[in-house]
$ cat entry-v4.cif   # mmCIF, C-alpha atoms
data_start
#
loop_
_atom_site.group_PDB
_atom_site.id
_atom_site.type_symbol
_atom_site.label_atom_id
_atom_site.label_comp_id
_atom_site.auth_asym_id
_atom_site.auth_seq_id
_atom_site.Cartn_x
_atom_site.Cartn_y
_atom_site.Cartn_z
ATOM 1 C CA MET A 1 103.872 91.946 121.546
ATOM 2 C CA PHE A 2 100.724 93.484 120.047
ATOM 3 C CA LEU A 3 101.704 96.847 121.522
ATOM 4 C CA CYS A 4 105.142 96.606 119.887
ATOM 5 C CA LEU A 5 103.588 95.960 116.450
ATOM 6 C CA ALA A 6 101.210 98.895 116.844
ATOM 7 C CA VAL A 7 104.069 101.200 117.809
ATOM 8 C CA CYS A 8 106.257 99.985 114.917
ATOM 9 C CA PHE A 9 103.481 100.421 112.330
ATOM 10 C CA GLY A 10 102.783 103.876 113.714
ATOM 11 C CA CYS A 11 106.428 104.824 113.223
ATOM 12 C CA ASP A 12 106.392 103.627 109.618
ATOM 13 C CA SER A 13 103.359 105.689 108.671
ATOM 14 C CA ASN A 14 104.819 108.822 110.273
ATOM 15 C CA SER A 15 108.065 108.461 108.336
ATOM 16 C CA ASP A 16 106.107 108.120 105.080
ATOM 17 C CA SER A 17 104.178 111.349 105.682
ATOM 18 C CA GLU A 18 107.342 113.168 106.736
ATOM 19 C CA GLU A 19 109.014 112.015 103.504
ATOM 20 C CA GLN A 20 106.068 113.247 101.418
ATOM 21 C CA ILE A 21 106.126 116.619 103.209
ATOM 22 C CA GLU A 22 109.891 116.844 102.737
ATOM 23 C CA GLN A 23 109.564 116.120 98.998
ATOM 24 C CA THR A 24 106.965 118.876 98.633
ATOM 25 C CA GLU A 25 109.270 121.366 100.336
ATOM 26 C CA GLN A 26 112.280 120.376 98.209
ATOM 27 C CA ARG A 27 110.991 121.712 94.921
ATOM 28 C CA PRO A 28 112.756 124.981 94.179
ATOM 29 C CA ASN A 29 110.968 127.822 92.396
ATOM 30 C CA GLN A 30 107.297 127.720 91.506
ATOM 31 C CA PRO A 31 106.905 127.100 87.782
ATOM 32 C CA THR A 32 105.082 129.868 85.971
ATOM 33 C CA GLU A 33 104.055 128.008 82.855
ATOM 34 C CA ALA A 34 103.044 124.665 81.466
ATOM 35 C CA ILE A 35 105.645 122.326 80.015
ATOM 36 C CA GLU A 36 106.300 123.411 76.481
ATOM 37 C CA ALA A 37 104.729 120.778 74.257
ATOM 38 C CA ASN A 38 105.853 119.295 70.952
ATOM 39 C CA LEU A 39 109.542 119.944 71.582
ATOM 40 C CA ASN A 40 112.182 117.256 71.769
ATOM 41 C CA TRP A 41 113.548 117.571 75.315
ATOM 42 C CA LYS A 42 117.047 116.058 75.408
ATOM 43 C CA LEU A 43 118.586 114.904 78.692
ATOM 44 C CA ALA A 44 121.533 117.191 79.446
ATOM 45 C CA LYS A 45 122.292 116.547 83.115
ATOM 46 C CA LEU A 46 121.450 114.115 85.922
ATOM 47 C CA VAL A 47 122.033 115.189 89.521
ATOM 48 C CA GLU A 48 121.317 113.162 92.664
ATOM 49 C CA ALA A 49 121.703 114.718 96.124
ATOM 50 C CA GLY A 50 123.862 117.479 94.632
ATOM 51 C CA ASP A 51 126.254 115.093 92.862
ATOM 52 C CA GLU A 52 126.254 114.967 89.076
ATOM 53 C CA ILE A 53 125.888 111.442 87.717
ATOM 54 C CA LYS A 54 127.940 110.854 84.595
ATOM 55 C CA ILE A 55 125.901 110.401 81.449
ATOM 56 C CA PRO A 56 127.856 108.461 78.817
ATOM 57 C CA GLU A 57 129.266 110.923 76.266
ATOM 58 C CA GLU A 58 127.840 108.945 73.333
ATOM 59 C CA LEU A 59 124.334 109.409 74.749
ATOM 60 C CA LEU A 60 124.828 113.146 75.237
ATOM 61 C CA LYS A 61 125.976 113.503 71.623
ATOM 62 C CA SER A 62 123.237 111.312 70.167
ATOM 63 C CA GLU A 63 120.272 113.143 68.616
ATOM 64 C CA ILE A 64 117.839 110.371 69.557
ATOM 65 C CA ALA A 65 118.988 108.952 72.925
ATOM 66 C CA CYS A 66 117.341 110.121 76.177
ATOM 67 C CA VAL A 67 114.772 112.324 74.449
ATOM 68 C CA ILE A 68 111.196 112.931 75.543
ATOM 69 C CA GLN A 69 108.439 114.905 73.827
ATOM 70 C CA PHE A 70 105.398 116.071 75.788
ATOM 71 C CA LYS A 71 102.300 116.534 73.664
ATOM 72 C CA GLU A 72 99.403 118.905 74.200
ATOM 73 C CA ASP A 73 96.956 116.011 74.630
ATOM 74 C CA GLY A 74 98.665 114.836 77.849
ATOM 75 C CA THR A 75 100.739 112.073 76.275
ATOM 76 C CA PHE A 76 104.468 111.758 75.680
ATOM 77 C CA ASP A 77 106.833 109.746 73.471
ATOM 78 C CA GLY A 78 110.487 109.262 73.884
ATOM 79 C CA ARG A 79 113.532 107.183 73.483
ATOM 80 C CA MET A 80 115.905 105.897 76.112
ATOM 81 C CA THR A 81 119.090 104.403 74.687
ATOM 82 C CA ALA A 82 117.822 101.523 72.538
ATOM 83 C CA ASN A 83 114.219 101.507 73.754
ATOM 84 C CA GLU A 84 111.212 103.625 72.927
ATOM 85 C CA ILE A 85 108.732 104.822 75.546
ATOM 86 C CA ASN A 86 105.322 106.422 75.580
ATOM 87 C CA GLY A 87 102.692 107.182 78.127
ATOM 88 C CA SER A 88 100.733 109.987 79.704
ATOM 89 C CA TYR A 89 101.438 112.852 82.057
ATOM 90 C CA ALA A 90 99.540 115.278 84.233
ATOM 91 C CA PHE A 91 100.863 118.420 85.874
ATOM 92 C CA ASN A 92 99.713 121.338 87.964
ATOM 93 C CA LYS A 93 101.468 124.563 87.043
ATOM 94 C CA GLU A 94 100.482 126.280 90.320
ATOM 95 C CA THR A 95 102.046 123.611 92.553
ATOM 96 C CA GLY A 96 104.694 122.290 90.166
ATOM 97 C CA LYS A 97 103.566 118.694 90.673
ATOM 98 C CA ILE A 98 103.929 116.282 87.773
ATOM 99 C CA GLU A 99 103.006 112.645 87.343
ATOM 100 C CA LEU A 100 104.440 110.557 84.530
ATOM 101 C CA LYS A 101 102.782 107.264 83.681
ATOM 102 C CA LEU A 102 104.737 104.834 81.516
ATOM 103 C CA GLU A 103 102.368 102.893 79.254
ATOM 104 C CA MET A 104 104.737 101.312 76.735
ATOM 105 C CA LEU A 105 108.419 100.408 76.774
ATOM 106 C CA THR A 106 110.108 98.356 74.083
ATOM 107 C CA GLN A 107 112.347 95.581 75.391
ATOM 108 C CA VAL A 108 115.570 95.815 73.384
ATOM 109 C CA LEU A 109 118.605 94.714 75.384
ATOM 110 C CA ASP A 110 121.245 97.418 75.284
ATOM 111 C CA ILE A 111 124.542 95.771 76.236
ATOM 112 C CA LEU A 112 126.490 99.045 76.370
ATOM 113 C CA TYR A 113 124.026 101.300 78.190
ATOM 114 C CA GLY A 114 121.531 98.927 79.799
ATOM 115 C CA ASP A 115 122.551 99.848 83.365
ATOM 116 C CA PHE A 116 122.257 103.575 82.633
ATOM 117 C CA GLU A 117 118.887 103.073 80.940
ATOM 118 C CA GLU A 118 117.552 101.140 83.926
ATOM 119 C CA MET A 119 118.703 103.859 86.346
ATOM 120 C CA TYR A 120 117.245 106.608 84.120
ATOM 121 C CA LEU A 121 113.879 104.815 83.873
ATOM 122 C CA ASP A 122 113.771 104.438 87.655
ATOM 123 C CA TYR A 123 114.342 108.175 88.209
ATOM 124 C CA LEU A 124 111.932 109.269 85.492
ATOM 125 C CA PHE A 125 108.969 107.013 86.255
ATOM 126 C CA LYS A 126 109.291 106.069 89.926
ATOM 127 C CA LYS A 127 110.830 109.123 91.561
ATOM 128 C CA VAL A 128 110.025 112.336 89.660
ATOM 129 C CA TYR A 129 107.332 114.349 91.453
ATOM 130 C CA SER A 130 107.734 117.992 90.367
ATOM 131 C CA TYR A 131 109.027 120.194 87.585
ATOM 132 C CA SER A 132 110.073 123.689 86.646
ATOM 133 C CA GLN A 133 110.839 125.248 83.313
ATOM 134 C CA SER A 134 113.006 128.254 82.505
ATOM 135 C CA ASP A 135 115.140 129.605 79.681
ATOM 136 C CA ASP A 136 117.819 127.225 80.999
ATOM 137 C CA GLY A 137 115.683 124.121 80.356
ATOM 138 C CA LEU A 138 113.158 121.739 81.855
ATOM 139 C CA TYR A 139 113.895 120.301 85.300
ATOM 140 C CA LEU A 140 112.200 117.159 86.619
ATOM 141 C CA TYR A 141 112.851 116.859 90.373
ATOM 142 C CA PHE A 142 113.033 113.655 92.391
ATOM 143 C CA GLY A 143 114.561 114.763 95.706
ATOM 144 C CA LYS A 144 116.558 117.412 97.470
ATOM 145 C CA ASP A 145 119.141 118.680 94.978
ATOM 146 C CA SER A 146 118.128 115.797 92.661
ATOM 147 C CA TYR A 147 116.850 116.343 89.152
ATOM 148 C CA LEU A 148 116.918 115.470 85.485
ATOM 149 C CA LYS A 149 117.704 118.511 83.351
ATOM 150 C CA TYR A 150 116.523 118.638 79.725
ATOM 151 C CA GLN A 151 117.207 121.123 76.983
ATOM 152 C CA ALA A 152 114.955 121.757 73.995
ATOM 153 C CA LYS A 153 116.293 120.461 70.687
#

$ encode --input "entry-v4.cif" --output "structure tokens"
Amino acid sequence: MFLCLAVCFGCDSNSDSEEQIEQTEQRPNQPTEAIEANLNWKLAKLVEAGDEIKIPEELLKSEIACVIQFKEDGTFDGRMTANEINGSYAFNKETGKIELKLEMLTQVLDILYGDFEEMYLDYLFKKVYSYSQSDDGLYLYFGKDSYLKYQAK
């Protein structure tokens, strides 16, 4: 029985390292610059495993919903649907790695978009691991063919 547990735990740790290696290899092009600070980055597209996830039209049209602003001091502010967020971030422009740390989230219940907000928060703060920026926008990646695309407003 002890041997079985040792083998099972060994399998789990190997799958974790394979997943981390796979995530590193999934990031497309190397970013060439830092995230442009002090712009309002508006969510424009959400794609998971190559499939676009529908963003409610009202949120796409809203000037204040699903917006994030990265500041030069390593902090960010933003707004989800009804809730405000802020925190800190760190990135490495050579490797394209990014880490977002949520430090404050207001707790307003959004009856219309609560499920979308919860999903968006999960992607943004639990899954995003790399970024790239181009004339087309800012991409935050969280898996193979999975990303949040933002456009500067």

$ residues_around --input "entry-v4.cif" --residues "Ile64 (chain A)" --least-positions-apart "2" --cutoff "9 Å" --atoms "only C-alpha atoms" --output "PDB file with C-alpha atoms, keeping the file's coordinate frame"
ATOM      1  CA  LYS A  42     117.047 116.058  75.408  1.00  0.00           C
ATOM      2  CA  LEU A  59     124.334 109.409  74.749  1.00  0.00           C
ATOM      3  CA  LYS A  61     125.976 113.503  71.623  1.00  0.00           C
ATOM      4  CA  SER A  62     123.237 111.312  70.167  1.00  0.00           C
ATOM      5  CA  CYS A  66     117.341 110.121  76.177  1.00  0.00           C
ATOM      6  CA  VAL A  67     114.772 112.324  74.449  1.00  0.00           C
ATOM      7  CA  GLY A  78     110.487 109.262  73.884  1.00  0.00           C
ATOM      8  CA  ARG A  79     113.532 107.183  73.483  1.00  0.00           C
ATOM      9  CA  MET A  80     115.905 105.897  76.112  1.00  0.00           C
ATOM     10  CA  THR A  81     119.090 104.403  74.687  1.00  0.00           C
TER      11      THR A  81
END

$ resolve_selection --input "entry-v4.cif" --expression "the PyMOL selection byres ((chain A and resi 133-143) around 8)" --output "ChimeraX atom specification"
/A:23,26-27,31-33,35,41,48-49,123-124,127-132,144-152

$ residues_around --input "entry-v4.cif" --residues "Asp110 (chain A)" --least-positions-apart "2" --cutoff "9 Å" --atoms "only C-alpha atoms" --output "MDAnalysis selection string"
chainID A and resid 81:83 108 112:115 117

$ atom_distance --input "entry-v4.cif" --atom1 "CA of Phe70 (chain A)" --atom2 "CA of Ile98 (chain A)"
12.1 Å

$ closest_residue --input "entry-v4.cif" --among "A:Leu121, A:Ile55, A:Leu109, A:Ile68" --to "Tyr89 (chain A)" --atoms "all atoms listed in the file"
A:Ile68

$ closest_residue --input "entry-v4.cif" --among "A:Glu36, A:Glu94, A:Glu103, A:Asp51" --to "Asp77 (chain A)" --atoms "all atoms listed in the file"
A:Glu103

$ atom_distance --input "entry-v4.cif" --atom1 "CA of Met104 (chain A)" --atom2 "CA of Asn86 (chain A)"
5.3 Å

$ resolve_selection --input "entry-v4.cif" --expression "the PyMOL selection byres ((chain A and resi 90) around 8)" --output "PyMOL selection string"
chain A and resi 74+88-89+91-92+98-100

$ axis_aligned_box --input "entry-v4.cif" --around "region 128-143 of chain A" --padding-each-side "8 Å" --output "JSON"
{"center_x": 112.6, "center_y": 121.0, "center_z": 87.7, "size_x": 26.5, "size_y": 33.3, "size_z": 32.0}

$ atom_distance --input "entry-v4.cif" --atom1 "CA of Ile85 (chain A)" --atom2 "CA of Leu60 (chain A)"
18.1 Å

$ closest_residue --input "entry-v4.cif" --among "A:Thr95, A:Asp73, A:Tyr120, A:Leu105" --to "Leu43 (chain A)" --atoms "only C-alpha atoms"
A:Tyr120

$ closest_residue --input "entry-v4.cif" --among "A:Glu52, A:Val47, A:Glu84, A:Asn40" --to "Gln107 (chain A)" --atoms "only C-alpha atoms"
A:Glu84

$ build_atoms --input "entry-v4.cif" --residues "region 98-119 of chain A" --atoms "N, CA, C and O atoms" --output "PDB file, keeping the file's coordinate frame"
ATOM      1  N   ILE A  98     104.057 116.982  89.050  1.00  0.00           N
ATOM      2  CA  ILE A  98     103.929 116.282  87.773  1.00  0.00           C
ATOM      3  C   ILE A  98     103.872 114.785  88.052  1.00  0.00           C
ATOM      4  O   ILE A  98     104.513 114.292  88.982  1.00  0.00           O
ATOM      5  N   GLU A  99     103.084 114.103  87.260  1.00  0.00           N
ATOM      6  CA  GLU A  99     103.006 112.645  87.343  1.00  0.00           C
ATOM      7  C   GLU A  99     103.184 112.086  85.942  1.00  0.00           C
ATOM      8  O   GLU A  99     102.478 112.477  85.008  1.00  0.00           O
ATOM      9  N   LEU A 100     104.164 111.206  85.802  1.00  0.00           N
ATOM     10  CA  LEU A 100     104.440 110.557  84.530  1.00  0.00           C
ATOM     11  C   LEU A 100     104.022 109.098  84.631  1.00  0.00           C
ATOM     12  O   LEU A 100     104.413 108.406  85.575  1.00  0.00           O
ATOM     13  N   LYS A 101     103.248 108.651  83.674  1.00  0.00           N
ATOM     14  CA  LYS A 101     102.782 107.264  83.681  1.00  0.00           C
ATOM     15  C   LYS A 101     103.295 106.567  82.417  1.00  0.00           C
ATOM     16  O   LYS A 101     102.906 106.923  81.307  1.00  0.00           O
ATOM     17  N   LEU A 102     104.183 105.608  82.627  1.00  0.00           N
ATOM     18  CA  LEU A 102     104.737 104.834  81.516  1.00  0.00           C
ATOM     19  C   LEU A 102     103.695 103.815  81.073  1.00  0.00           C
ATOM     20  O   LEU A 102     103.195 103.041  81.883  1.00  0.00           O
ATOM     21  N   GLU A 103     103.367 103.822  79.782  1.00  0.00           N
ATOM     22  CA  GLU A 103     102.368 102.893  79.254  1.00  0.00           C
ATOM     23  C   GLU A 103     102.962 101.885  78.281  1.00  0.00           C
ATOM     24  O   GLU A 103     102.402 100.815  78.091  1.00  0.00           O
ATOM     25  N   MET A 104     104.095 102.234  77.662  1.00  0.00           N
ATOM     26  CA  MET A 104     104.737 101.312  76.735  1.00  0.00           C
ATOM     27  C   MET A 104     106.243 101.521  76.771  1.00  0.00           C
ATOM     28  O   MET A 104     106.727 102.647  76.775  1.00  0.00           O
ATOM     29  N   LEU A 105     106.962 100.406  76.819  1.00  0.00           N
ATOM     30  CA  LEU A 105     108.419 100.408  76.774  1.00  0.00           C
ATOM     31  C   LEU A 105     108.842  99.224  75.932  1.00  0.00           C
ATOM     32  O   LEU A 105     108.461  98.086  76.230  1.00  0.00           O
ATOM     33  N   THR A 106     109.596  99.478  74.866  1.00  0.00           N
ATOM     34  CA  THR A 106     110.108  98.356  74.083  1.00  0.00           C
ATOM     35  C   THR A 106     111.161  97.633  74.918  1.00  0.00           C
ATOM     36  O   THR A 106     111.692  98.189  75.880  1.00  0.00           O
ATOM     37  N   GLN A 107     111.460  96.412  74.581  1.00  0.00           N
ATOM     38  CA  GLN A 107     112.347  95.581  75.391  1.00  0.00           C
ATOM     39  C   GLN A 107     113.598  95.147  74.635  1.00  0.00           C
ATOM     40  O   GLN A 107     113.917  93.976  74.551  1.00  0.00           O
ATOM     41  N   VAL A 108     114.321  96.107  74.080  1.00  0.00           N
ATOM     42  CA  VAL A 108     115.570  95.815  73.384  1.00  0.00           C
ATOM     43  C   VAL A 108     116.696  95.836  74.415  1.00  0.00           C
ATOM     44  O   VAL A 108     116.823  96.794  75.176  1.00  0.00           O
ATOM     45  N   LEU A 109     117.486  94.782  74.448  1.00  0.00           N
ATOM     46  CA  LEU A 109     118.605  94.714  75.384  1.00  0.00           C
ATOM     47  C   LEU A 109     119.748  95.577  74.861  1.00  0.00           C
ATOM     48  O   LEU A 109     120.231  95.383  73.749  1.00  0.00           O
ATOM     49  N   ASP A 110     120.143  96.533  75.650  1.00  0.00           N
ATOM     50  CA  ASP A 110     121.245  97.418  75.284  1.00  0.00           C
ATOM     51  C   ASP A 110     122.456  97.013  76.118  1.00  0.00           C
ATOM     52  O   ASP A 110     122.550  97.345  77.291  1.00  0.00           O
ATOM     53  N   ILE A 111     123.381  96.290  75.514  1.00  0.00           N
ATOM     54  CA  ILE A 111     124.542  95.771  76.236  1.00  0.00           C
ATOM     55  C   ILE A 111     125.435  96.904  76.750  1.00  0.00           C
ATOM     56  O   ILE A 111     125.943  96.847  77.854  1.00  0.00           O
ATOM     57  N   LEU A 112     125.607  97.953  75.970  1.00  0.00           N
ATOM     58  CA  LEU A 112     126.490  99.045  76.370  1.00  0.00           C
ATOM     59  C   LEU A 112     125.893  99.954  77.438  1.00  0.00           C
ATOM     60  O   LEU A 112     126.581 100.371  78.361  1.00  0.00           O
ATOM     61  N   TYR A 113     124.616 100.285  77.320  1.00  0.00           N
ATOM     62  CA  TYR A 113     124.026 101.300  78.190  1.00  0.00           C
ATOM     63  C   TYR A 113     122.824 100.798  78.988  1.00  0.00           C
ATOM     64  O   TYR A 113     122.064 101.593  79.523  1.00  0.00           O
ATOM     65  N   GLY A 114     122.673  99.507  79.082  1.00  0.00           N
ATOM     66  CA  GLY A 114     121.531  98.927  79.799  1.00  0.00           C
ATOM     67  C   GLY A 114     121.441  99.373  81.246  1.00  0.00           C
ATOM     68  O   GLY A 114     120.351  99.685  81.739  1.00  0.00           O
ATOM     69  N   ASP A 115     122.570  99.422  81.958  1.00  0.00           N
ATOM     70  CA  ASP A 115     122.551  99.848  83.365  1.00  0.00           C
ATOM     71  C   ASP A 115     122.135 101.314  83.488  1.00  0.00           C
ATOM     72  O   ASP A 115     121.345 101.670  84.359  1.00  0.00           O
ATOM     73  N   PHE A 116     122.643 102.166  82.608  1.00  0.00           N
ATOM     74  CA  PHE A 116     122.257 103.575  82.633  1.00  0.00           C
ATOM     75  C   PHE A 116     120.769 103.719  82.320  1.00  0.00           C
ATOM     76  O   PHE A 116     120.060 104.478  82.981  1.00  0.00           O
ATOM     77  N   GLU A 117     120.299 102.995  81.317  1.00  0.00           N
ATOM     78  CA  GLU A 117     118.887 103.073  80.940  1.00  0.00           C
ATOM     79  C   GLU A 117     117.982 102.657  82.096  1.00  0.00           C
ATOM     80  O   GLU A 117     116.982 103.309  82.374  1.00  0.00           O
ATOM     81  N   GLU A 118     118.349 101.606  82.782  1.00  0.00           N
ATOM     82  CA  GLU A 118     117.552 101.140  83.926  1.00  0.00           C
ATOM     83  C   GLU A 118     117.508 102.204  85.029  1.00  0.00           C
ATOM     84  O   GLU A 118     116.454 102.478  85.596  1.00  0.00           O
ATOM     85  N   MET A 119     118.645 102.807  85.327  1.00  0.00           N
ATOM     86  CA  MET A 119     118.703 103.859  86.346  1.00  0.00           C
ATOM     87  C   MET A 119     117.855 105.062  85.905  1.00  0.00           C
ATOM     88  O   MET A 119     117.069 105.605  86.683  1.00  0.00           O
TER      89      MET A 119
END
